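Listing of query-v3.cif; format and content: mmCIF, C-alpha atoms and all ligand atoms.
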data_coords
#
loop_
_atom_site.label_atom_id
_atom_site.label_comp_id
_atom_site.auth_asym_id
_atom_site.auth_seq_id
_atom_site.Cartn_x
_atom_site.Cartn_y
_atom_site.Cartn_z
CA MET A 1 86.69 112.38 123.99
CA TYR A 2 84.57 109.99 126.05
CA ARG A 3 84.03 111.04 129.65
CA VAL A 4 84.89 108.43 132.29
CA GLY A 5 84.05 108.25 135.98
CA ILE A 6 85.65 105.76 138.41
CA ILE A 7 83.91 104.27 141.45
CA GLY A 8 86.36 103.07 144.12
CA LEU A 9 89.88 104.51 144.33
CA GLY A 10 91.82 101.44 145.46
CA SER A 11 94.62 99.34 143.98
CA ILE A 12 93.20 98.64 140.55
CA ALA A 13 91.73 102.10 140.08
CA ALA A 14 94.87 104.00 140.92
CA ARG A 15 97.35 102.48 143.35
CA TYR A 16 99.05 99.73 141.30
CA SER A 17 100.79 102.28 139.07
CA LYS A 18 102.24 105.76 139.17
CA PRO A 19 101.67 108.53 136.63
CA ASP A 20 105.12 108.13 135.06
CA ASP A 21 104.78 104.35 134.43
CA ALA A 22 105.15 103.58 130.74
CA TYR A 23 102.51 100.84 130.77
CA PRO A 24 100.31 101.64 133.76
CA TYR A 25 98.41 98.72 135.28
CA CYS A 26 95.44 100.66 136.61
CA HIS A 27 92.31 102.34 135.28
CA THR A 28 93.50 105.90 135.90
CA GLY A 29 96.73 105.35 133.97
CA GLY A 30 94.92 103.58 131.13
CA ILE A 31 92.29 106.33 130.80
CA ARG A 32 95.08 108.94 130.84
CA HIS A 33 97.07 107.15 128.13
CA CYS A 34 94.07 106.36 125.93
CA GLU A 35 93.64 109.08 123.31
CA THR A 36 89.84 108.77 123.28
CA THR A 37 89.04 108.93 127.02
CA GLU A 38 89.24 111.61 129.69
CA LEU A 39 88.82 111.10 133.42
CA VAL A 40 86.28 113.63 134.69
CA ALA A 41 85.07 112.25 138.04
CA VAL A 42 85.99 109.80 140.80
CA ALA A 43 84.03 108.52 143.81
CA ASP A 44 85.17 106.93 147.06
CA MET A 45 83.63 107.22 150.51
CA SER A 46 87.14 107.35 151.98
CA LYS A 47 88.45 110.93 152.16
CA GLU A 48 91.90 109.45 152.69
CA ARG A 49 91.70 107.61 149.35
CA GLN A 50 90.43 110.74 147.62
CA SER A 51 93.28 112.84 148.96
CA GLU A 52 95.90 110.17 148.15
CA PHE A 53 94.52 110.06 144.61
CA GLN A 54 94.58 113.85 144.32
CA GLN A 55 98.19 114.01 145.49
CA THR A 56 99.42 111.17 143.25
CA TRP A 57 97.41 111.62 140.08
CA GLY A 58 96.14 115.21 140.33
CA PRO A 59 99.31 116.74 138.82
CA GLY A 60 98.93 114.41 135.81
CA PHE A 61 95.61 115.99 134.82
CA ALA A 62 94.57 119.56 133.98
CA ASP A 63 93.80 121.67 137.06
CA GLY A 64 90.24 121.15 138.30
CA SER A 65 89.40 118.69 135.52
CA ILE A 66 88.45 115.89 137.94
CA ASN A 67 85.48 116.17 140.29
CA TYR A 68 85.58 114.25 143.57
CA TYR A 69 82.59 112.55 145.20
CA ASP A 70 81.96 110.67 148.46
CA SER A 71 79.51 108.24 146.87
CA ASP A 72 78.76 106.55 143.56
CA ILE A 73 75.19 107.90 143.59
CA GLN A 74 76.36 111.51 144.03
CA MET A 75 78.75 111.12 141.13
CA LEU A 76 76.25 109.40 138.87
CA GLU A 77 73.57 112.02 139.55
CA SER A 78 75.89 115.01 139.11
CA GLU A 79 78.01 114.04 136.11
CA ASP A 80 77.35 113.52 132.43
CA LEU A 81 79.41 110.34 131.94
CA ASP A 82 79.90 108.07 128.95
CA ILE A 83 81.80 105.23 130.66
CA VAL A 84 81.78 104.17 134.31
CA ALA A 85 84.56 102.02 135.76
CA VAL A 86 83.38 99.95 138.75
CA CYS A 87 86.46 99.34 140.90
CA VAL A 88 85.02 98.32 144.26
CA ARG A 89 85.51 94.84 145.69
CA GLY A 90 83.48 91.85 144.48
CA PRO A 91 80.84 91.75 147.24
CA HIS A 92 79.99 95.42 146.46
CA HIS A 93 79.70 94.95 142.69
CA PHE A 94 76.03 94.06 142.65
CA SER A 95 74.77 97.02 144.70
CA VAL A 96 77.01 99.54 142.92
CA MET A 97 76.01 98.13 139.53
CA GLN A 98 72.33 98.63 140.38
CA ASN A 99 73.10 102.36 140.78
CA VAL A 100 75.29 102.50 137.67
CA LEU A 101 72.64 100.81 135.55
CA LYS A 102 70.17 103.59 136.45
CA ALA A 103 72.48 106.28 135.06
CA ASP A 104 72.39 107.65 131.54
CA ILE A 105 75.70 106.18 130.35
CA LYS A 106 77.03 104.34 127.30
CA ALA A 107 79.29 101.57 128.67
CA ILE A 108 80.45 99.97 131.94
CA PHE A 109 83.93 98.64 132.64
CA LEU A 110 83.40 96.28 135.59
CA GLU A 111 86.25 94.77 137.57
CA LYS A 112 86.46 91.02 137.90
CA PRO A 113 84.98 89.01 139.58
CA ALA A 114 81.82 90.09 137.78
CA GLY A 115 79.64 89.15 140.75
CA CYS A 116 79.39 86.85 143.75
CA SER A 117 76.70 84.59 142.26
CA LEU A 118 75.52 83.68 138.79
CA GLU A 119 72.17 85.21 139.69
CA GLU A 120 73.83 88.56 140.43
CA VAL A 121 75.60 88.48 137.07
CA ASP A 122 72.42 87.44 135.24
CA THR A 123 70.63 90.46 136.74
CA MET A 124 73.42 92.88 135.80
CA THR A 125 73.56 91.52 132.27
CA ALA A 126 69.78 91.77 131.87
CA GLY A 127 69.96 95.37 133.14
CA ALA A 128 72.64 96.29 130.61
CA ASP A 129 70.78 94.50 127.81
CA ALA A 130 67.62 96.45 128.66
CA LYS A 131 69.57 99.71 128.33
CA GLY A 132 71.36 98.52 125.21
CA ILE A 133 74.82 99.16 126.68
CA PRO A 134 77.78 96.80 127.11
CA ILE A 135 79.38 95.64 130.31
CA VAL A 136 83.05 94.77 129.81
CA VAL A 137 84.58 92.68 132.60
CA ASP A 138 88.19 93.45 133.35
CA TYR A 139 90.18 90.24 132.84
CA THR A 140 93.08 92.62 132.36
CA ARG A 141 95.67 90.12 131.14
CA HIS A 142 93.54 89.59 128.05
CA TRP A 143 94.61 92.92 126.56
CA ALA A 144 98.35 92.28 126.13
CA PRO A 145 99.05 93.35 122.52
CA HIS A 146 100.98 90.16 121.69
CA LEU A 147 98.10 87.98 122.95
CA ILE A 148 95.57 89.87 120.84
CA ARG A 149 97.85 89.52 117.81
CA LEU A 150 98.15 85.77 118.49
CA GLN A 151 94.35 85.44 118.46
CA THR A 152 94.39 86.66 114.85
CA LEU A 153 97.36 84.48 113.86
CA ILE A 154 95.71 81.40 115.37
CA LYS A 155 92.44 82.17 113.61
CA ASP A 156 94.45 82.38 110.39
CA GLY A 157 95.82 78.88 111.03
CA LEU A 158 99.27 79.50 112.53
CA ILE A 159 99.30 76.12 114.29
CA GLY A 160 96.40 74.40 112.54
CA ASP A 161 93.27 73.49 114.47
CA ILE A 162 93.45 74.23 118.19
CA GLN A 163 92.97 71.05 120.21
CA THR A 164 94.02 71.82 123.80
CA VAL A 165 94.72 75.00 125.77
CA ILE A 166 96.49 74.66 129.11
CA GLY A 167 96.46 77.74 131.33
CA TYR A 168 98.41 78.30 134.53
CA CYS A 169 97.20 80.25 137.56
CA GLY A 170 96.00 79.32 141.03
CA GLY A 171 94.46 81.50 143.72
CA GLY A 172 90.80 82.33 144.30
CA VAL A 173 88.73 80.69 141.56
CA LEU A 174 86.68 83.82 140.80
CA SER A 175 88.95 86.60 142.07
CA PHE A 176 92.33 85.63 140.68
CA GLY A 177 92.50 82.37 138.71
CA ILE A 178 89.69 83.76 136.55
CA HIS A 179 92.22 85.87 134.59
CA THR A 180 93.71 82.64 133.27
CA THR A 181 90.26 81.07 132.81
CA ASP A 182 89.62 83.95 130.43
CA MET A 183 93.00 83.43 128.74
CA ILE A 184 92.15 79.76 128.11
CA CYS A 185 88.90 80.95 126.46
CA GLN A 186 90.77 83.68 124.57
CA PHE A 187 92.52 80.89 122.66
CA GLY A 188 90.12 77.96 123.14
CA GLY A 189 86.87 79.84 122.48
CA TYR A 190 83.98 81.17 124.50
CA ASP A 191 81.68 78.16 123.93
CA PRO A 192 82.25 76.00 127.05
CA ILE A 193 79.77 73.14 127.54
CA SER A 194 81.00 71.34 130.67
CA VAL A 195 83.45 71.77 133.52
CA SER A 196 84.96 69.58 136.21
CA GLY A 197 87.19 71.03 138.87
CA ILE A 198 89.09 70.50 142.09
CA VAL A 199 89.57 73.27 144.63
CA SER A 200 91.15 73.75 148.05
CA GLY A 201 90.82 76.01 151.08
CA GLY A 202 88.13 78.42 152.09
CA GLY A 203 88.02 80.20 155.43
CA ASP A 204 85.58 82.25 157.48
CA VAL A 205 83.36 84.65 155.62
CA PRO A 206 80.42 86.85 156.60
CA GLU A 207 76.85 85.52 156.36
CA PRO A 208 75.23 84.71 153.94
CA TYR A 209 78.30 84.01 151.82
CA GLU A 210 80.23 80.78 151.22
CA PRO A 211 84.03 81.03 151.14
CA GLU A 212 85.88 81.35 147.85
CA PRO A 213 88.21 78.36 147.38
CA ALA A 214 91.47 78.31 145.41
CA ILE A 215 91.60 76.44 142.12
CA VAL A 216 93.69 73.26 142.08
CA ASN A 217 92.75 72.28 138.53
CA ALA A 218 89.87 72.32 136.09
CA THR A 219 88.97 70.67 132.81
CA ILE A 220 86.78 72.58 130.40
CA LYS A 221 85.09 70.98 127.39
CA TYR A 222 84.15 73.28 124.53
CA GLU A 223 81.40 72.85 121.94
CA SER A 224 84.13 73.01 119.28
CA GLY A 225 85.78 69.86 120.65
CA ILE A 226 88.67 71.82 122.19
CA THR A 227 89.69 70.94 125.75
CA GLY A 228 90.84 73.59 128.22
CA ILE A 229 92.87 72.66 131.28
CA GLN A 230 93.60 75.09 134.09
CA VAL A 231 96.52 74.18 136.30
CA GLY A 232 96.20 75.91 139.65
CA ASN A 233 98.82 74.29 141.83
CA HIS A 234 102.38 73.17 141.14
CA GLY A 235 102.39 74.22 137.50
CA VAL A 236 105.91 74.62 136.16
CA ARG A 237 104.88 77.70 134.18
CA GLY A 238 104.27 81.14 135.71
CA GLY A 239 100.77 82.54 136.33
CA PHE A 240 98.80 84.09 133.47
CA SER A 241 100.52 81.89 130.89
CA VAL A 242 99.19 79.33 128.42
CA ASP A 243 100.30 76.45 126.23
CA ILE A 244 98.21 76.34 123.06
CA LEU A 245 98.37 72.96 121.33
CA GLY A 246 97.28 72.76 117.70
CA SER A 247 97.19 70.10 115.01
CA GLU A 248 100.33 71.59 113.40
CA GLY A 249 102.24 73.13 116.27
CA THR A 250 102.31 74.65 119.73
CA ILE A 251 102.54 78.12 121.25
CA GLN A 252 103.80 79.03 124.69
CA THR A 253 102.95 82.53 125.81
CA GLY A 254 101.42 84.60 128.58
CA PHE A 255 100.88 88.10 129.90
CA TYR A 256 104.34 88.28 131.42
CA THR A 257 106.11 86.02 128.92
CA SER A 258 107.01 86.43 125.28
CA VAL A 259 105.85 84.22 122.43
CA SER A 260 107.42 80.88 121.46
CA VAL A 261 105.93 79.07 118.46
CA GLN A 262 106.95 75.55 117.42
CA LYS A 263 105.69 74.32 114.08
CA ASP A 264 106.47 71.03 112.38
CA GLY A 265 109.11 70.43 115.06
CA LYS A 266 110.92 73.73 114.38
CA GLN A 267 111.06 77.03 116.22
CA VAL A 268 109.26 79.79 114.32
CA ASP A 269 111.21 83.05 114.04
CA ASN A 270 109.23 85.71 115.99
CA ASP A 271 110.24 88.29 113.37
CA THR A 272 107.80 86.58 110.99
CA LEU A 273 104.86 87.04 113.41
CA ASP A 274 104.62 90.83 113.26
CA LEU A 275 104.15 91.04 117.02
CA PRO A 276 103.19 94.54 118.17
CA PRO A 277 105.15 96.56 120.76
CA ASN A 278 104.03 96.61 124.38
CA GLU A 279 101.21 98.87 125.47
CA GLY A 280 99.33 99.08 128.74
CA PRO A 281 96.37 96.67 128.83
CA PHE A 282 94.03 99.29 130.30
CA LYS A 283 94.81 101.71 127.48
CA ILE A 284 93.91 99.01 124.93
CA ALA A 285 90.73 98.01 126.78
CA TYR A 286 89.48 101.60 126.99
CA LYS A 287 90.30 102.11 123.30
CA GLN A 288 88.26 99.01 122.40
CA ILE A 289 85.32 100.38 124.42
CA THR A 290 85.44 103.77 122.69
CA ASP A 291 85.94 102.17 119.26
CA TYR A 292 82.72 100.28 119.95
CA LEU A 293 80.98 103.54 120.91
CA ASP A 294 82.19 104.94 117.58
CA GLY A 295 80.47 102.07 115.73
CA GLY A 296 83.21 99.41 115.93
CA PRO A 297 83.02 95.78 117.08
CA MET A 298 82.05 94.68 120.58
CA PRO A 299 84.97 95.10 122.99
CA HIS A 300 86.68 91.92 124.14
CA CYS A 301 85.47 90.46 127.46
CA SER A 302 81.97 91.83 126.99
CA ARG A 303 78.64 90.02 127.32
CA ASP A 304 78.91 86.49 125.86
CA HIS A 305 82.59 86.30 126.70
CA TYR A 306 82.44 87.28 130.38
CA THR A 307 79.29 85.14 130.70
CA ALA A 308 81.21 82.07 129.49
CA VAL A 309 84.21 82.76 131.72
CA ASN A 310 82.02 83.38 134.74
CA GLU A 311 80.01 80.20 134.11
CA ILE A 312 83.27 78.25 134.11
CA GLY A 313 84.42 79.84 137.38
CA PHE A 314 81.21 79.02 139.22
CA ALA A 315 81.08 75.55 137.64
CA VAL A 316 84.58 74.78 138.96
CA ILE A 317 83.31 75.45 142.50
CA GLU A 318 80.03 73.60 141.88
CA SER A 319 81.89 70.61 140.49
CA ALA A 320 84.33 70.48 143.40
CA ILE A 321 81.49 70.63 145.94
CA THR A 322 79.22 68.10 144.23
CA GLY A 323 81.88 65.80 142.78
CA GLN A 324 80.06 66.00 139.43
CA THR A 325 80.97 67.28 135.99
CA ILE A 326 78.82 70.38 135.52
CA ASP A 327 77.01 70.95 132.25
CA LEU A 328 76.74 74.61 131.34
CA PRO A 329 74.91 76.83 131.94
CA CYS A 330 75.09 75.91 135.65
CA GLN A 331 71.74 74.95 137.15
CA ASN A 332 72.60 76.39 140.56
CA ARG A 333 72.61 80.16 140.02
CA LYS A 334 72.18 81.11 143.66
CA ARG A 335 75.44 79.90 145.21
CA LEU A 336 76.80 83.08 146.80
CA ILE A 337 80.59 83.17 147.07
CA TYR A 338 82.58 85.76 149.04
CA ALA A 339 84.73 86.70 146.06
CA ASN A 340 86.43 89.61 147.75
CA GLY A 341 89.24 90.24 145.27
N1 LIG B 1 92.16 93.44 137.07
C1 LIG B 1 93.09 93.18 137.97
O1 LIG B 1 94.21 92.76 137.69
C2 LIG B 1 92.74 93.46 139.41
C3 LIG B 1 93.74 93.58 140.39
C4 LIG B 1 93.34 93.90 141.69
C5 LIG B 1 92.00 94.05 142.01
N2 LIG B 1 91.07 93.88 141.02
C6 LIG B 1 89.63 94.01 141.30
O2 LIG B 1 89.31 95.38 141.51
C7 LIG B 1 88.28 95.50 142.48
C8 LIG B 1 88.77 96.40 143.60
O3 LIG B 1 89.90 95.80 144.20
P1 LIG B 1 91.03 96.69 144.90
O4 LIG B 1 92.10 95.75 145.31
O5 LIG B 1 91.37 97.86 144.03
O6 LIG B 1 90.20 97.18 146.18
P2 LIG B 1 90.62 98.24 147.28
O7 LIG B 1 90.11 97.71 148.58
O8 LIG B 1 92.06 98.62 147.15
O9 LIG B 1 89.76 99.53 146.86
C9 LIG B 1 88.38 99.53 146.81
C10 LIG B 1 87.93 100.99 147.05
O10 LIG B 1 86.53 101.06 146.83
C11 LIG B 1 85.99 101.98 147.77
N3 LIG B 1 84.54 101.71 147.83
C12 LIG B 1 83.89 100.63 148.32
N4 LIG B 1 82.56 100.76 148.14
C13 LIG B 1 82.36 101.93 147.50
C14 LIG B 1 81.22 102.63 147.02
N5 LIG B 1 79.98 102.12 147.18
N6 LIG B 1 81.39 103.82 146.41
C15 LIG B 1 82.62 104.34 146.24
N7 LIG B 1 83.76 103.72 146.67
C16 LIG B 1 83.62 102.54 147.30
C17 LIG B 1 86.76 101.69 149.04
O11 LIG B 1 86.70 102.79 149.95
C18 LIG B 1 88.18 101.48 148.48
O12 LIG B 1 88.93 102.68 148.44
C19 LIG B 1 87.94 94.07 142.92
O13 LIG B 1 86.83 93.62 142.19
C20 LIG B 1 89.19 93.28 142.55
O14 LIG B 1 88.96 91.92 142.27
C21 LIG B 1 91.41 93.63 139.74
#
Please go through the file and, once you have read it, give me the structure as structure tokens.
Amino acid sequence: MYRVGIIGLGSIAARYSKPDDAYPYCHTGGIRHCETTELVAVADMSKERQSEFQQTWGPGFADGSINYYDSDIQMLESEDLDIVAVCVRGPHHFSVMQNVLKADIKAIFLEKPAGCSLEEVDTMTAGADAKGIPIVVDYTRHWAPHLIRLQTLIKDGLIGDIQTVIGYCGGGVLSFGIHTTDMICQFGGYDPISVSGIVSGGGDVPEPYEPEPAIVNATIKYESGITGIQVGNHGVRGGFSVDILGSEGTIQTGFYTSVSVQKDGKQVDNDTLDLPPNEGPFKIAYKQITDYLDGGPMPHCSRDHYTAVNEIGFAVIESAITGQTIDLPCQNRKRLIYANG
């Protein structure tokens, strides 16, 4: 069993789900359901959060099996951890990651948004590279079993060559819409070369940050010739869904929607697609991380993949501000956005 510690006991760590949820949407539930991980330590400076966690989740674990800490540093210095889940808010990612990267660990599961600037993310990635460990960024909707199965079917030519992927999701470019940015890459590829975008809104944020706008739309060009389009506002489809357009057919799907494949003008019977049953996305993500630690392939949403997604997110903002199409990698790596999701 791989030993996991969580930093930050908020919504995504523990509060979005309860112990009896079948498909828990939180780290604690995913670690508990994953057969290769055990939760051994948690850290939060809020005693209230620690005690809420203990009351809600404590009974779901063996007595005394989880150690509680008031700070990330205390936990990292006291525990022998394999995987650390960083579940604090975006503006705290960089400082917490500096502590995590000093610890003797094997993998990091970092919540989106990866960082508040490209420079922050570059530094984290270089730190992980120097240690030879992966960072996996949690674009959670990626790990729906039917979406992962579709990746294989598409690679095997289900709808011919992919030409266009349209993804639907508005909200903060880096904090929320980024889930769908990843989903567009999941089916369009992780080789973006240029981005143009339109955004709206902003608001007051603390110095020295700039506000995080909401995505209105974005166009992503890929090296492969595929075009990605993210529809932020007024899309007729629900969030976290995609239309995948190929040379021989189309697929409509999403995290919260089933799969509909049209080929040669006819509906494909889903029984022929061998779609897997539902499973919690966190359970699958943790299993991919431990499979990697056992010698398997890189987990999804690790290095080159989160780098591509993150470049797109920052390029959408850069494009909207400058009115230019942005060639990737973005030249401006210092723009500091208050991505507080
Ligand atoms: N993947 C998803 O679908 C999803 C959904 C919601 C949030 N998130 C992401 O998860 C992260 C956390 O968001 P949230 O809504 O759970 O936040 P939250 O405000 O509910 O919880 C954050 C917790 O971190 C604690 N904390 C802050 N700094 C700390 C430190 N240095 N050491 C220990 N604890 C510390 C706070 O006390 C708080 O309890 C964000 O990056 C957010 O974007 C992801």
task = Find the residues around Ile220 in chain A up to 8 Å (all atoms listed in the file counted), leave out those fewer than 5 positions away in its own chain, and share them as a ChimeraX atom specification.
result = /A:192-196,227-229,312
message = ligand LIG 1 (chain B): which residues are within 6 Å, counting only C-alpha atoms and all ligand atoms? Reply as a list of chain:residue names.
response =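 If we count only C-alpha atoms and all ligand atoms, the neighbours of ligand LIG 1 (chain B) turn out to be A:Ile7, A:Gly8, A:Leu9, A:Gly10, A:Ser11, A:Ile12, A:Ala13, A:Ala43, A:Asp44, A:Met45, A:Ser46, A:Arg49, A:Ser71, A:Asp72, A:Cys87, A:Val88, A:Arg89, A:Gly90, A:Val96, A:Glu111, A:Lys112, A:Pro113, A:Asp138, A:Tyr139, A:Thr140, A:Ser175, A:Gly341.
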Would you output that residue set with C-alpha atoms, as a tab-separated table (two decimals), keeping the file's coordinate frame?
chain	number	residue	atom	x	y	z
A	7	ILE	CA	83.91	104.27	141.45
A	8	GLY	CA	86.36	103.07	144.12
A	9	LEU	CA	89.88	104.51	144.33
A	10	GLY	CA	91.82	101.44	145.46
A	11	SER	CA	94.62	99.34	143.98
A	12	ILE	CA	93.20	98.64	140.55
A	13	ALA	CA	91.73	102.10	140.08
A	43	ALA	CA	84.03	108.52	143.81
A	44	ASP	CA	85.17	106.93	147.06
A	45	MET	CA	83.63	107.22	150.51
A	46	SER	CA	87.14	107.35	151.98
A	49	ARG	CA	91.70	107.61	149.35
A	71	SER	CA	79.51	108.24	146.87
A	72	ASP	CA	78.76	106.55	143.56
A	87	CYS	CA	86.46	99.34	140.90
A	88	VAL	CA	85.02	98.32	144.26
A	89	ARG	CA	85.51	94.84	145.69
A	90	GLY	CA	83.48	91.85	144.48
A	96	VAL	CA	77.01	99.54	142.92
A	111	GLU	CA	86.25	94.77	137.57
A	112	LYS	CA	86.46	91.02	137.90
A	113	PRO	CA	84.98	89.01	139.58
A	138	ASP	CA	88.19	93.45	133.35
A	139	TYR	CA	90.18	90.24	132.84
A	140	THR	CA	93.08	92.62	132.36
A	175	SER	CA	88.95	86.60	142.07
A	341	GLY	CA	89.24	90.24	145.27
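Between CA of Gly323 in chain A and CA of Gly238 in chain A the separation is 28.0 Å.
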key: Which residue of A:Gly58, A:Gly172, A:Trp143, A:Val199 approaches Thr322 in chain A most closely, using only C-alpha atoms   =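 Going through A:Gly58, A:Gly172, A:Trp143, A:Val199 one by one, the smallest distance to Thr322 in chain A is for A:Val199.
With only C-alpha atoms as the atoms that count, the minimum distance from Ala144 in chain A to the choices A:Glu279, A:Asp304, A:Glu119, A:Asp327 is reached by A:Glu279.
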key: Asp80 in chain A environment, 9 Å, all atoms listed in the file, sequence neighbours closer than 6 positions dropped, as a PyMOL selection string   = chain A and resi 3+104-105
ask   = Within 10 Å of Lys102 in chain A, counting only C-alpha atoms, which residues qualify if same-chain residues fewer than 3 places away don't, as an MDAnalysis selection string?
value = chainID A and resid 73 76:77 97:99 105 127:128 131
task = Take CA of Ser117 in chain A and CA of Arg141 in chain A and report the distance between them in Å, one decimal.
result = 22.7 Å
As a PDB file, keeping the file's coordinate frame, the rebuilt range 275-290 of chain A with N, CA and C atoms:
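Saved as rebuild_36.pdb:
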ATOM      1  N   LEU A 275     104.691  90.796 115.676  1.00  0.00           N
ATOM      2  CA  LEU A 275     104.150  91.040 117.020  1.00  0.00           C
ATOM      3  C   LEU A 275     104.231  92.530 117.342  1.00  0.00           C
ATOM      4  N   PRO A 276     103.184  93.098 117.907  1.00  0.00           N
ATOM      5  CA  PRO A 276     103.190  94.540 118.170  1.00  0.00           C
ATOM      6  C   PRO A 276     104.023  94.877 119.411  1.00  0.00           C
ATOM      7  N   PRO A 277     104.417  96.142 119.553  1.00  0.00           N
ATOM      8  CA  PRO A 277     105.150  96.560 120.760  1.00  0.00           C
ATOM      9  C   PRO A 277     104.218  96.556 121.979  1.00  0.00           C
ATOM     10  N   ASN A 278     104.816  96.606 123.147  1.00  0.00           N
ATOM     11  CA  ASN A 278     104.030  96.610 124.380  1.00  0.00           C
ATOM     12  C   ASN A 278     103.173  97.878 124.468  1.00  0.00           C
ATOM     13  N   GLU A 279     102.069  97.733 125.139  1.00  0.00           N
ATOM     14  CA  GLU A 279     101.210  98.870 125.470  1.00  0.00           C
ATOM     15  C   GLU A 279     100.480  98.476 126.743  1.00  0.00           C
ATOM     16  N   GLY A 280     100.060  99.432 127.524  1.00  0.00           N
ATOM     17  CA  GLY A 280      99.330  99.080 128.740  1.00  0.00           C
ATOM     18  C   GLY A 280      97.998  98.431 128.411  1.00  0.00           C
ATOM     19  N   PRO A 281      97.623  97.356 129.133  1.00  0.00           N
ATOM     20  CA  PRO A 281      96.370  96.670 128.830  1.00  0.00           C
ATOM     21  C   PRO A 281      95.133  97.546 129.051  1.00  0.00           C
ATOM     22  N   PHE A 282      95.204  98.432 130.038  1.00  0.00           N
ATOM     23  CA  PHE A 282      94.030  99.290 130.300  1.00  0.00           C
ATOM     24  C   PHE A 282      93.812 100.274 129.151  1.00  0.00           C
ATOM     25  N   LYS A 283      94.921 100.780 128.615  1.00  0.00           N
ATOM     26  CA  LYS A 283      94.810 101.710 127.480  1.00  0.00           C
ATOM     27  C   LYS A 283      94.100 101.000 126.313  1.00  0.00           C
ATOM     28  N   ILE A 284      94.499  99.756 126.056  1.00  0.00           N
ATOM     29  CA  ILE A 284      93.910  99.010 124.930  1.00  0.00           C
ATOM     30  C   ILE A 284      92.432  98.715 125.210  1.00  0.00           C
ATOM     31  N   ALA A 285      92.126  98.329 126.442  1.00  0.00           N
ATOM     32  CA  ALA A 285      90.730  98.010 126.780  1.00  0.00           C
ATOM     33  C   ALA A 285      89.842  99.240 126.608  1.00  0.00           C
ATOM     34  N   TYR A 286      90.297 100.384 127.131  1.00  0.00           N
ATOM     35  CA  TYR A 286      89.480 101.600 126.990  1.00  0.00           C
ATOM     36  C   TYR A 286      89.339 101.986 125.523  1.00  0.00           C
ATOM     37  N   LYS A 287      90.389 101.778 124.735  1.00  0.00           N
ATOM     38  CA  LYS A 287      90.300 102.110 123.300  1.00  0.00           C
ATOM     39  C   LYS A 287      89.273 101.196 122.620  1.00  0.00           C
ATOM     40  N   GLN A 288      89.262  99.904 123.000  1.00  0.00           N
ATOM     41  CA  GLN A 288      88.260  99.010 122.400  1.00  0.00           C
ATOM     42  C   GLN A 288      86.838  99.462 122.759  1.00  0.00           C
ATOM     43  N   ILE A 289      86.660  99.924 123.996  1.00  0.00           N
ATOM     44  CA  ILE A 289      85.320 100.380 124.420  1.00  0.00           C
ATOM     45  C   ILE A 289      84.914 101.606 123.600  1.00  0.00           C
ATOM     46  N   THR A 290      85.822 102.560 123.441  1.00  0.00           N
ATOM     47  CA  THR A 290      85.440 103.770 122.690  1.00  0.00           C
ATOM     48  C   THR A 290      85.334 103.483 121.193  1.00  0.00           C
TER      49      THR A 290
END
